[in-house]
file my_file-v5.cif (mmCIF, C-alpha atoms and all ligand atoms)
data_upload
#
loop_
_atom_site.label_atom_id
_atom_site.label_comp_id
_atom_site.auth_asym_id
_atom_site.auth_seq_id
_atom_site.Cartn_x
_atom_site.Cartn_y
_atom_site.Cartn_z
CA MET J 1 -10.06 54.45 -102.17
CA ARG J 2 -11.23 54.04 -98.59
CA ILE J 3 -9.50 56.15 -95.94
CA GLU J 4 -10.00 55.35 -92.25
CA VAL J 5 -8.91 57.78 -89.55
CA LEU J 6 -8.58 56.82 -85.88
CA THR J 7 -8.43 59.84 -83.63
CA LEU J 8 -9.54 61.36 -80.33
CA PHE J 9 -10.75 64.43 -82.29
CA PRO J 10 -12.88 63.30 -85.27
CA GLU J 11 -14.38 66.80 -85.64
CA MET J 12 -11.01 68.12 -86.81
CA PHE J 13 -11.48 66.17 -90.05
CA ASP J 14 -14.61 68.18 -90.97
CA SER J 15 -12.26 70.54 -92.78
CA LEU J 16 -11.73 67.81 -95.42
CA LYS J 17 -15.45 67.98 -96.34
CA VAL J 18 -15.10 71.31 -98.19
CA GLY J 19 -13.71 72.33 -101.57
CA ILE J 20 -12.17 69.91 -104.05
CA LEU J 21 -11.92 67.06 -101.53
CA GLY J 22 -15.53 67.55 -100.39
CA LYS J 23 -16.75 67.36 -104.01
CA ALA J 24 -14.64 64.25 -104.64
CA GLN J 25 -16.27 62.50 -101.66
CA GLU J 26 -19.76 63.54 -102.85
CA LYS J 27 -18.91 61.98 -106.22
CA GLY J 28 -17.83 58.78 -104.45
CA LEU J 29 -14.20 58.99 -105.65
CA PHE J 30 -13.03 58.18 -102.14
CA THR J 31 -14.59 57.69 -98.72
CA LEU J 32 -13.25 59.11 -95.50
CA ASN J 33 -14.45 57.53 -92.23
CA THR J 34 -13.43 58.74 -88.80
CA THR J 35 -13.54 56.64 -85.64
CA ASN J 36 -13.17 57.98 -82.12
CA ILE J 37 -10.59 55.85 -80.32
CA ARG J 38 -12.21 56.80 -76.99
CA ASP J 39 -15.41 54.93 -77.98
CA TYR J 40 -13.43 51.69 -77.68
CA SER J 41 -12.05 52.32 -74.19
CA LEU J 42 -13.17 49.62 -71.75
CA ASP J 43 -12.32 51.88 -68.80
CA LYS J 44 -15.40 53.03 -66.90
CA HIS J 45 -14.35 56.66 -67.34
CA LYS J 46 -13.39 56.10 -71.01
CA LYS J 47 -9.78 56.85 -70.15
CA VAL J 48 -7.34 56.52 -73.07
CA ASP J 49 -4.00 57.59 -71.55
CA ASP J 50 -1.76 56.87 -68.58
CA THR J 51 1.62 57.84 -67.11
CA PRO J 52 4.76 56.45 -68.79
CA PHE J 53 6.62 53.54 -67.20
CA GLY J 54 10.11 54.75 -66.25
CA GLY J 55 8.82 58.24 -65.53
CA GLY J 56 9.00 61.40 -67.59
CA ALA J 57 6.73 64.20 -68.69
CA GLY J 58 3.24 63.82 -70.05
CA MET J 59 0.91 60.93 -70.74
CA VAL J 60 1.01 58.02 -73.17
CA MET J 61 -1.99 56.56 -75.01
CA THR J 62 -2.78 53.11 -73.60
CA PRO J 63 -2.80 50.07 -75.90
CA GLN J 64 -6.30 48.63 -75.33
CA PRO J 65 -8.48 51.35 -76.99
CA LEU J 66 -6.03 51.64 -79.90
CA HIS J 67 -5.72 47.89 -80.49
CA ASP J 68 -9.47 47.33 -80.32
CA SER J 69 -10.40 50.29 -82.53
CA ILE J 70 -7.76 49.50 -85.19
CA ASN J 71 -8.84 45.86 -85.40
CA ALA J 72 -12.58 46.64 -85.33
CA VAL J 73 -12.26 49.09 -88.24
CA ASP J 74 -9.81 46.89 -90.20
CA LYS J 75 -10.66 43.32 -89.14
CA ASP J 76 -8.91 41.57 -92.05
CA HIS J 77 -5.96 43.96 -92.21
CA LYS J 78 -6.83 45.29 -95.66
CA CYS J 79 -5.59 48.81 -94.83
CA LEU J 80 -2.05 50.06 -94.97
CA ARG J 81 -1.96 51.21 -91.34
CA ILE J 82 -0.03 54.43 -90.88
CA TYR J 83 0.90 55.99 -87.55
CA LEU J 84 1.72 59.71 -87.71
CA SER J 85 4.91 60.49 -85.84
CA PRO J 86 7.95 62.78 -86.10
CA LYS J 87 10.01 59.55 -86.00
CA GLY J 88 8.45 58.26 -89.22
CA GLU J 89 9.51 58.33 -92.86
CA THR J 90 9.27 61.92 -94.12
CA LEU J 91 6.42 62.57 -96.55
CA SER J 92 7.52 63.51 -100.08
CA GLN J 93 5.72 63.81 -103.41
CA ASN J 94 7.20 60.39 -104.30
CA LEU J 95 5.76 58.79 -101.19
CA VAL J 96 2.43 60.58 -101.77
CA GLN J 97 2.19 58.93 -105.20
CA LYS J 98 3.02 55.51 -103.72
CA LEU J 99 0.34 55.87 -101.03
CA ALA J 100 -2.18 56.96 -103.69
CA LYS J 101 -1.88 53.48 -105.27
CA GLU J 102 -3.27 51.80 -102.13
CA GLU J 103 -6.95 50.86 -102.00
CA ASN J 104 -7.34 51.16 -98.23
CA LEU J 105 -5.42 53.53 -95.98
CA MET J 106 -5.68 53.94 -92.24
CA PHE J 107 -4.25 56.91 -90.37
CA VAL J 108 -3.79 56.45 -86.63
CA CYS J 109 -3.39 59.75 -84.77
CA GLY J 110 -1.56 59.87 -81.47
CA ASN J 111 -1.78 62.60 -78.87
CA TYR J 112 0.01 63.56 -75.67
CA GLU J 113 3.53 62.02 -75.61
CA GLY J 114 2.57 59.37 -78.16
CA ILE J 115 1.25 55.82 -78.05
CA ASP J 116 2.43 52.62 -76.36
CA GLN J 117 5.23 51.10 -78.48
CA ARG J 118 3.51 47.69 -78.49
CA ILE J 119 0.74 49.11 -80.71
CA ILE J 120 3.35 50.23 -83.24
CA ASP J 121 5.00 46.78 -83.08
CA LEU J 122 1.70 44.87 -83.23
CA ASP J 123 -0.73 46.83 -85.39
CA ILE J 124 1.08 49.49 -87.46
CA ASP J 125 2.61 49.01 -90.94
CA MET J 126 4.50 52.29 -91.23
CA GLU J 127 5.28 55.49 -89.35
CA LEU J 128 4.94 58.75 -91.26
CA SER J 129 6.26 62.23 -90.48
CA ILE J 130 5.32 65.42 -92.33
CA GLY J 131 8.54 67.19 -91.40
CA ASP J 132 11.14 67.88 -88.75
CA TYR J 133 8.97 69.70 -86.23
CA VAL J 134 6.63 68.53 -83.49
CA LEU J 135 2.85 68.97 -83.49
CA THR J 136 0.51 68.45 -80.52
CA GLY J 137 -1.01 65.41 -82.22
CA GLY J 138 -1.08 63.42 -85.43
CA GLU J 139 -4.35 64.90 -86.74
CA MET J 140 -2.92 67.82 -88.71
CA ALA J 141 -0.25 65.53 -90.14
CA ALA J 142 -2.92 63.01 -91.22
CA MET J 143 -4.89 65.81 -92.89
CA VAL J 144 -1.80 66.95 -94.79
CA ALA J 145 -1.16 63.39 -96.00
CA ILE J 146 -4.83 62.78 -96.93
CA ASN J 147 -4.98 66.07 -98.85
CA ALA J 148 -1.79 65.36 -100.80
CA VAL J 149 -2.72 61.71 -101.54
CA SER J 150 -6.31 62.36 -102.61
CA ARG J 151 -5.16 64.75 -105.36
CA TYR J 152 -3.76 61.66 -107.13
CA ILE J 153 -7.05 59.72 -107.07
CA ASP J 154 -8.50 59.56 -110.61
CA GLY J 155 -11.13 62.25 -111.14
CA VAL J 156 -10.39 64.31 -108.03
CA LEU J 157 -8.60 67.06 -109.96
CA GLY J 158 -10.02 68.34 -113.23
CA ASN J 159 -7.67 69.13 -116.12
CA GLN J 160 -7.63 72.66 -114.79
CA GLU J 161 -5.86 71.56 -111.62
CA SER J 162 -3.84 68.65 -112.98
CA THR J 163 -0.75 67.35 -111.15
CA SER J 164 1.32 67.27 -114.35
CA GLU J 165 2.69 70.82 -114.24
CA GLU J 166 3.34 71.70 -110.63
CA SER J 167 6.22 71.80 -108.20
CA PHE J 168 8.05 68.41 -107.95
CA SER J 169 6.19 66.93 -110.96
CA ASN J 170 9.45 66.92 -112.98
CA GLY J 171 11.70 67.08 -109.92
CA LEU J 172 11.81 70.90 -110.04
CA LEU J 173 9.96 73.76 -108.35
CA GLU J 174 7.20 75.40 -110.36
CA TYR J 175 7.71 78.38 -112.72
CA PRO J 176 6.07 81.73 -111.78
CA GLN J 177 2.48 82.33 -112.91
CA TYR J 178 0.89 85.56 -114.10
CA THR J 179 -2.71 86.54 -114.90
CA HIS J 180 -4.63 89.74 -115.80
CA PRO J 181 -4.05 92.66 -115.70
CA GLN J 182 -1.01 92.86 -117.95
CA VAL J 183 0.38 95.75 -115.87
CA PHE J 184 -0.12 95.85 -112.09
CA GLU J 185 1.38 98.60 -109.92
CA GLY J 186 3.68 99.37 -112.84
CA MET J 187 4.92 95.76 -113.05
CA GLU J 188 4.63 94.08 -116.43
CA VAL J 189 3.99 90.43 -117.24
CA PRO J 190 7.14 88.94 -118.89
CA GLU J 191 6.84 89.59 -122.61
CA VAL J 192 7.46 86.01 -123.71
CA LEU J 193 4.19 84.94 -122.06
CA LEU J 194 2.28 87.33 -124.34
CA SER J 195 4.09 86.17 -127.48
CA GLY J 196 1.87 83.20 -128.29
CA ASN J 197 5.05 81.24 -129.17
CA HIS J 198 4.53 78.03 -127.21
CA GLN J 199 8.03 76.73 -127.78
CA ASN J 200 9.57 79.92 -126.38
CA ILE J 201 7.12 79.91 -123.47
CA ALA J 202 8.00 76.30 -122.60
CA LYS J 203 11.72 77.13 -122.78
CA TRP J 204 11.31 80.22 -120.57
CA ARG J 205 9.29 78.26 -118.02
CA TYR J 206 11.86 75.45 -117.89
CA GLU J 207 14.69 77.95 -117.41
CA LYS J 208 12.75 79.63 -114.60
CA GLN J 209 12.19 76.23 -112.96
CA LEU J 210 15.92 75.53 -113.06
CA GLU J 211 16.78 79.01 -111.75
CA ILE J 212 14.33 78.87 -108.83
CA THR J 213 15.26 75.29 -107.93
CA LYS J 214 18.98 76.08 -108.01
CA GLU J 215 18.44 79.12 -105.78
CA ARG J 216 15.97 77.66 -103.26
CA ARG J 217 16.40 73.88 -103.32
CA PRO J 218 19.78 72.88 -104.74
CA ASP J 219 19.31 69.52 -103.01
CA LEU J 220 16.63 68.67 -105.63
CA LEU J 221 19.28 69.04 -108.35
CA GLY J 222 21.67 66.80 -106.51
CA ASP J 223 23.88 69.79 -105.51
CA LYS J 224 24.15 69.95 -101.76
N1 LIG B 301 2.92 64.17 -84.71
C1 LIG B 301 3.57 65.17 -84.09
N2 LIG B 301 4.43 65.78 -84.90
C2 LIG B 301 4.35 65.14 -86.11
C3 LIG B 301 4.99 65.28 -87.37
N3 LIG B 301 5.93 66.21 -87.60
N4 LIG B 301 4.65 64.44 -88.37
C4 LIG B 301 3.73 63.47 -88.14
N5 LIG B 301 3.09 63.29 -87.00
C5 LIG B 301 3.39 64.11 -85.97
#
call {"tool": "encode", "arguments": {"input": "my_file-v5.cif", "output": "structure tokens"}}
result
Amino acid sequence: MRIEVLTLFPEMFDSLKVGILGKAQEKGLFTLNTTNIRDYSLDKHKKVDDTPFGGGAGMVMTPQPLHDSINAVDKDHKCLRIYLSPKGETLSQNLVQKLAKEENLMFVCGNYEGIDQRIIDLDIDMELSIGDYVLTGGEMAAMVAINAVSRYIDGVLGNQESTSEESFSNGLLEYPQYTHPQVFEGMEVPEVLLSGNHQNIAKWRYEKQLEITKERRPDLLGDK
């Protein structure tokens, strides 16, 4: 998979060079390229924003640097071009898995009060939100999406960290985990986990998943 990021702050994406995602890039499992939108500004001061027509607070990113950078990086429109915005479709594990099937993804990050609508109409395939709250820019949202999507690229996670037994993988929240020591601050590990009876362990874990999901996220069970 090739991931392109268009941003005014490429250095923010350095945080994706460490840990599991850093290793995956070293192994060539996916590539992550960042492009500074400002480099494409034809303005003599490299300006990328202006005041909104109709008035109102803040600044809006102008179309020219965005249009030119998007189409320079993705000349033949091979990327699914995603603009991060609180107005977009909300990211879910389902959507993460769909995005992970794409070969080329582009994340366009807006700042200030957003970008000129004509760029969304002309150059963007979908708008994506990471939740009902507002960030100062799209960068953090792009990083969240890239992190979640790259976990589904073949080879990124070892068996140890597989996606098969985690929250949402069977539509439920994850069961509680315990490790050594067996007693900590007087609190014991549930006995069934020490029993070695895999059928009983699986049953206990499934019941815990149901219990936690019912308590915290009844919407996932279809109960509102
Ligand atoms: N930009 C600002 N807030 C955002 C959000 N919640 N999701 C995606 N992009 C954003």
call {"tool": "residues_around", "arguments": {"input": "my_file-v5.cif", "residues": "region 64-76 of chain J", "least_positions_apart": "5", "cutoff": "9 Å", "atoms": "only C-alpha atoms", "output": "list in words"}}
result
Glu4, Leu6, Thr35, Asn36, Ile37, Arg38, Asp39, Tyr40, Ser41, Leu42, Lys47, Val48, Arg81, Met106, Val108, Ile115, Ile119, Leu122 and Asp123 of chain J
call {"tool": "write_last_selection", "arguments": {"input": "my_file-v5.cif", "atoms": "C-alpha atoms", "output": "compact mmCIF listing (two decimals), in the coordinates of the input"}}
result
# COMPACT_ATOMS: atom_id res chain seq x y z
CA GLU J 4 -10.00 55.35 -92.25
CA LEU J 6 -8.58 56.82 -85.88
CA THR J 35 -13.54 56.64 -85.64
CA ASN J 36 -13.17 57.98 -82.12
CA ILE J 37 -10.59 55.85 -80.32
CA ARG J 38 -12.21 56.80 -76.99
CA ASP J 39 -15.41 54.93 -77.98
CA TYR J 40 -13.43 51.69 -77.68
CA SER J 41 -12.05 52.32 -74.19
CA LEU J 42 -13.17 49.62 -71.75
CA LYS J 47 -9.78 56.85 -70.15
CA VAL J 48 -7.34 56.52 -73.07
CA ARG J 81 -1.96 51.21 -91.34
CA MET J 106 -5.68 53.94 -92.24
CA VAL J 108 -3.79 56.45 -86.63
CA ILE J 115 1.25 55.82 -78.05
CA ILE J 119 0.74 49.11 -80.71
CA LEU J 122 1.70 44.87 -83.23
CA ASP J 123 -0.73 46.83 -85.39
call {"tool": "residues_near_ligand", "arguments": {"input": "my_file-v5.cif", "ligand": "ligand LIG 301 (chain B)", "cutoff": "8 Å", "atoms": "all atoms listed in the file", "output": "list in words"}}
result
Tyr83, Leu84, Ser85, Pro86, Lys87, Gly88, Thr90, Cys109, Gly110, Asn111, Leu128, Ser129, Ile130, Gly131, Asp132, Tyr133, Val134, Leu135, Thr136, Gly137, Gly138, Glu139, Met140, Ala141 and Ala142 of chain J
call {"tool": "atom_distance", "arguments": {"input": "my_file-v5.cif", "atom1": "CA of Leu32 (chain J)", "atom2": "CA of Val18 (chain J)"}}
result
12.6 Å
call {"tool": "closest_residue", "arguments": {"input": "my_file-v5.cif", "among": "J:Val149, J:Leu91, J:Leu157, J:Leu173", "to": "Ile212 (chain J)", "atoms": "only C-alpha atoms"}}
result
J:Leu173
call {"tool": "atom_distance", "arguments": {"input": "my_file-v5.cif", "atom1": "CA of Leu80 (chain J)", "atom2": "CA of Leu105 (chain J)"}}
result
4.9 Å
call {"tool": "decode", "arguments": {"input": "my_file-v5.cif", "residues": "region 73-94 of chain J", "atoms": "N, CA, C and O atoms", "output": "PDB file, in the first residue's frame"}}
result
ATOM      1  N   VAL J  73       0.912  14.966  -6.869  1.00  0.00           N
ATOM      2  CA  VAL J  73       1.216  13.720  -6.155  1.00  0.00           C
ATOM      3  C   VAL J  73       0.440  12.549  -6.760  1.00  0.00           C
ATOM      4  O   VAL J  73       0.916  11.417  -6.786  1.00  0.00           O
ATOM      5  N   ASP J  74      -0.766  12.812  -7.262  1.00  0.00           N
ATOM      6  CA  ASP J  74      -1.652  11.743  -7.741  1.00  0.00           C
ATOM      7  C   ASP J  74      -2.190  12.120  -9.124  1.00  0.00           C
ATOM      8  O   ASP J  74      -3.384  12.314  -9.307  1.00  0.00           O
ATOM      9  N   LYS J  75      -1.240  12.190 -10.091  1.00  0.00           N
ATOM     10  CA  LYS J  75      -1.548  12.678 -11.439  1.00  0.00           C
ATOM     11  C   LYS J  75      -2.695  11.906 -12.103  1.00  0.00           C
ATOM     12  O   LYS J  75      -3.567  12.485 -12.723  1.00  0.00           O
ATOM     13  N   ASP J  76      -2.662  10.581 -11.991  1.00  0.00           N
ATOM     14  CA  ASP J  76      -3.651   9.749 -12.696  1.00  0.00           C
ATOM     15  C   ASP J  76      -4.831   9.350 -11.825  1.00  0.00           C
ATOM     16  O   ASP J  76      -5.562   8.415 -12.159  1.00  0.00           O
ATOM     17  N   HIS J  77      -4.968  10.005 -10.689  1.00  0.00           N
ATOM     18  CA  HIS J  77      -6.052   9.721  -9.741  1.00  0.00           C
ATOM     19  C   HIS J  77      -6.131   8.221  -9.393  1.00  0.00           C
ATOM     20  O   HIS J  77      -7.180   7.589  -9.549  1.00  0.00           O
ATOM     21  N   LYS J  78      -5.004   7.697  -8.944  1.00  0.00           N
ATOM     22  CA  LYS J  78      -4.963   6.289  -8.507  1.00  0.00           C
ATOM     23  C   LYS J  78      -5.328   6.170  -7.034  1.00  0.00           C
ATOM     24  O   LYS J  78      -5.679   5.096  -6.551  1.00  0.00           O
ATOM     25  N   CYS J  79      -5.190   7.278  -6.288  1.00  0.00           N
ATOM     26  CA  CYS J  79      -5.447   7.249  -4.841  1.00  0.00           C
ATOM     27  C   CYS J  79      -6.927   7.447  -4.549  1.00  0.00           C
ATOM     28  O   CYS J  79      -7.619   8.183  -5.262  1.00  0.00           O
ATOM     29  N   LEU J  80      -7.393   6.792  -3.493  1.00  0.00           N
ATOM     30  CA  LEU J  80      -8.653   7.210  -2.890  1.00  0.00           C
ATOM     31  C   LEU J  80      -8.291   8.450  -2.076  1.00  0.00           C
ATOM     32  O   LEU J  80      -7.499   8.379  -1.130  1.00  0.00           O
ATOM     33  N   ARG J  81      -8.847   9.592  -2.470  1.00  0.00           N
ATOM     34  CA  ARG J  81      -8.456  10.871  -1.864  1.00  0.00           C
ATOM     35  C   ARG J  81      -9.413  11.228  -0.730  1.00  0.00           C
ATOM     36  O   ARG J  81     -10.604  11.452  -0.968  1.00  0.00           O
ATOM     37  N   ILE J  82      -8.862  11.287   0.465  1.00  0.00           N
ATOM     38  CA  ILE J  82      -9.680  11.469   1.666  1.00  0.00           C
ATOM     39  C   ILE J  82      -9.368  12.824   2.304  1.00  0.00           C
ATOM     40  O   ILE J  82      -8.202  13.138   2.568  1.00  0.00           O
ATOM     41  N   TYR J  83     -10.403  13.603   2.544  1.00  0.00           N
ATOM     42  CA  TYR J  83     -10.227  14.863   3.279  1.00  0.00           C
ATOM     43  C   TYR J  83     -10.740  14.670   4.698  1.00  0.00           C
ATOM     44  O   TYR J  83     -11.867  14.204   4.902  1.00  0.00           O
ATOM     45  N   LEU J  84      -9.904  14.986   5.680  1.00  0.00           N
ATOM     46  CA  LEU J  84     -10.270  14.829   7.085  1.00  0.00           C
ATOM     47  C   LEU J  84     -11.110  16.013   7.528  1.00  0.00           C
ATOM     48  O   LEU J  84     -10.690  17.160   7.366  1.00  0.00           O
ATOM     49  N   SER J  85     -12.299  15.705   8.064  1.00  0.00           N
ATOM     50  CA  SER J  85     -13.210  16.780   8.441  1.00  0.00           C
ATOM     51  C   SER J  85     -14.257  16.260   9.413  1.00  0.00           C
ATOM     52  O   SER J  85     -14.730  15.133   9.261  1.00  0.00           O
ATOM     53  N   PRO J  86     -14.651  17.083  10.405  1.00  0.00           N
ATOM     54  CA  PRO J  86     -15.709  16.642  11.320  1.00  0.00           C
ATOM     55  C   PRO J  86     -17.034  16.393  10.591  1.00  0.00           C
ATOM     56  O   PRO J  86     -17.927  15.755  11.131  1.00  0.00           O
ATOM     57  N   LYS J  87     -17.161  16.887   9.349  1.00  0.00           N
ATOM     58  CA  LYS J  87     -18.395  16.684   8.582  1.00  0.00           C
ATOM     59  C   LYS J  87     -18.413  15.350   7.851  1.00  0.00           C
ATOM     60  O   LYS J  87     -19.402  14.990   7.218  1.00  0.00           O
ATOM     61  N   GLY J  88     -17.285  14.614   7.892  1.00  0.00           N
ATOM     62  CA  GLY J  88     -17.168  13.392   7.101  1.00  0.00           C
ATOM     63  C   GLY J  88     -17.843  12.182   7.710  1.00  0.00           C
ATOM     64  O   GLY J  88     -18.438  12.247   8.800  1.00  0.00           O
ATOM     65  N   GLU J  89     -17.743  11.056   7.006  1.00  0.00           N
ATOM     66  CA  GLU J  89     -18.239   9.777   7.508  1.00  0.00           C
ATOM     67  C   GLU J  89     -17.383   9.399   8.725  1.00  0.00           C
ATOM     68  O   GLU J  89     -16.157   9.530   8.687  1.00  0.00           O
ATOM     69  N   THR J  90     -18.033   8.921   9.776  1.00  0.00           N
ATOM     70  CA  THR J  90     -17.281   8.620  11.008  1.00  0.00           C
ATOM     71  C   THR J  90     -16.504   7.319  10.849  1.00  0.00           C
ATOM     72  O   THR J  90     -17.055   6.312  10.393  1.00  0.00           O
ATOM     73  N   LEU J  91     -15.246   7.343  11.236  1.00  0.00           N
ATOM     74  CA  LEU J  91     -14.382   6.162  11.143  1.00  0.00           C
ATOM     75  C   LEU J  91     -14.865   5.077  12.092  1.00  0.00           C
ATOM     76  O   LEU J  91     -15.188   5.352  13.245  1.00  0.00           O
ATOM     77  N   SER J  92     -14.930   3.837  11.595  1.00  0.00           N
ATOM     78  CA  SER J  92     -15.306   2.678  12.400  1.00  0.00           C
ATOM     79  C   SER J  92     -14.372   1.544  11.999  1.00  0.00           C
ATOM     80  O   SER J  92     -13.687   1.640  10.982  1.00  0.00           O
ATOM     81  N   GLN J  93     -14.389   0.465  12.772  1.00  0.00           N
ATOM     82  CA  GLN J  93     -13.528  -0.674  12.434  1.00  0.00           C
ATOM     83  C   GLN J  93     -13.916  -1.242  11.057  1.00  0.00           C
ATOM     84  O   GLN J  93     -13.054  -1.682  10.314  1.00  0.00           O
ATOM     85  N   ASN J  94     -15.206  -1.206  10.741  1.00  0.00           N
ATOM     86  CA  ASN J  94     -15.685  -1.638   9.429  1.00  0.00           C
ATOM     87  C   ASN J  94     -15.081  -0.819   8.301  1.00  0.00           C
ATOM     88  O   ASN J  94     -14.599  -1.356   7.307  1.00  0.00           O
TER      89      ASN J  94
END
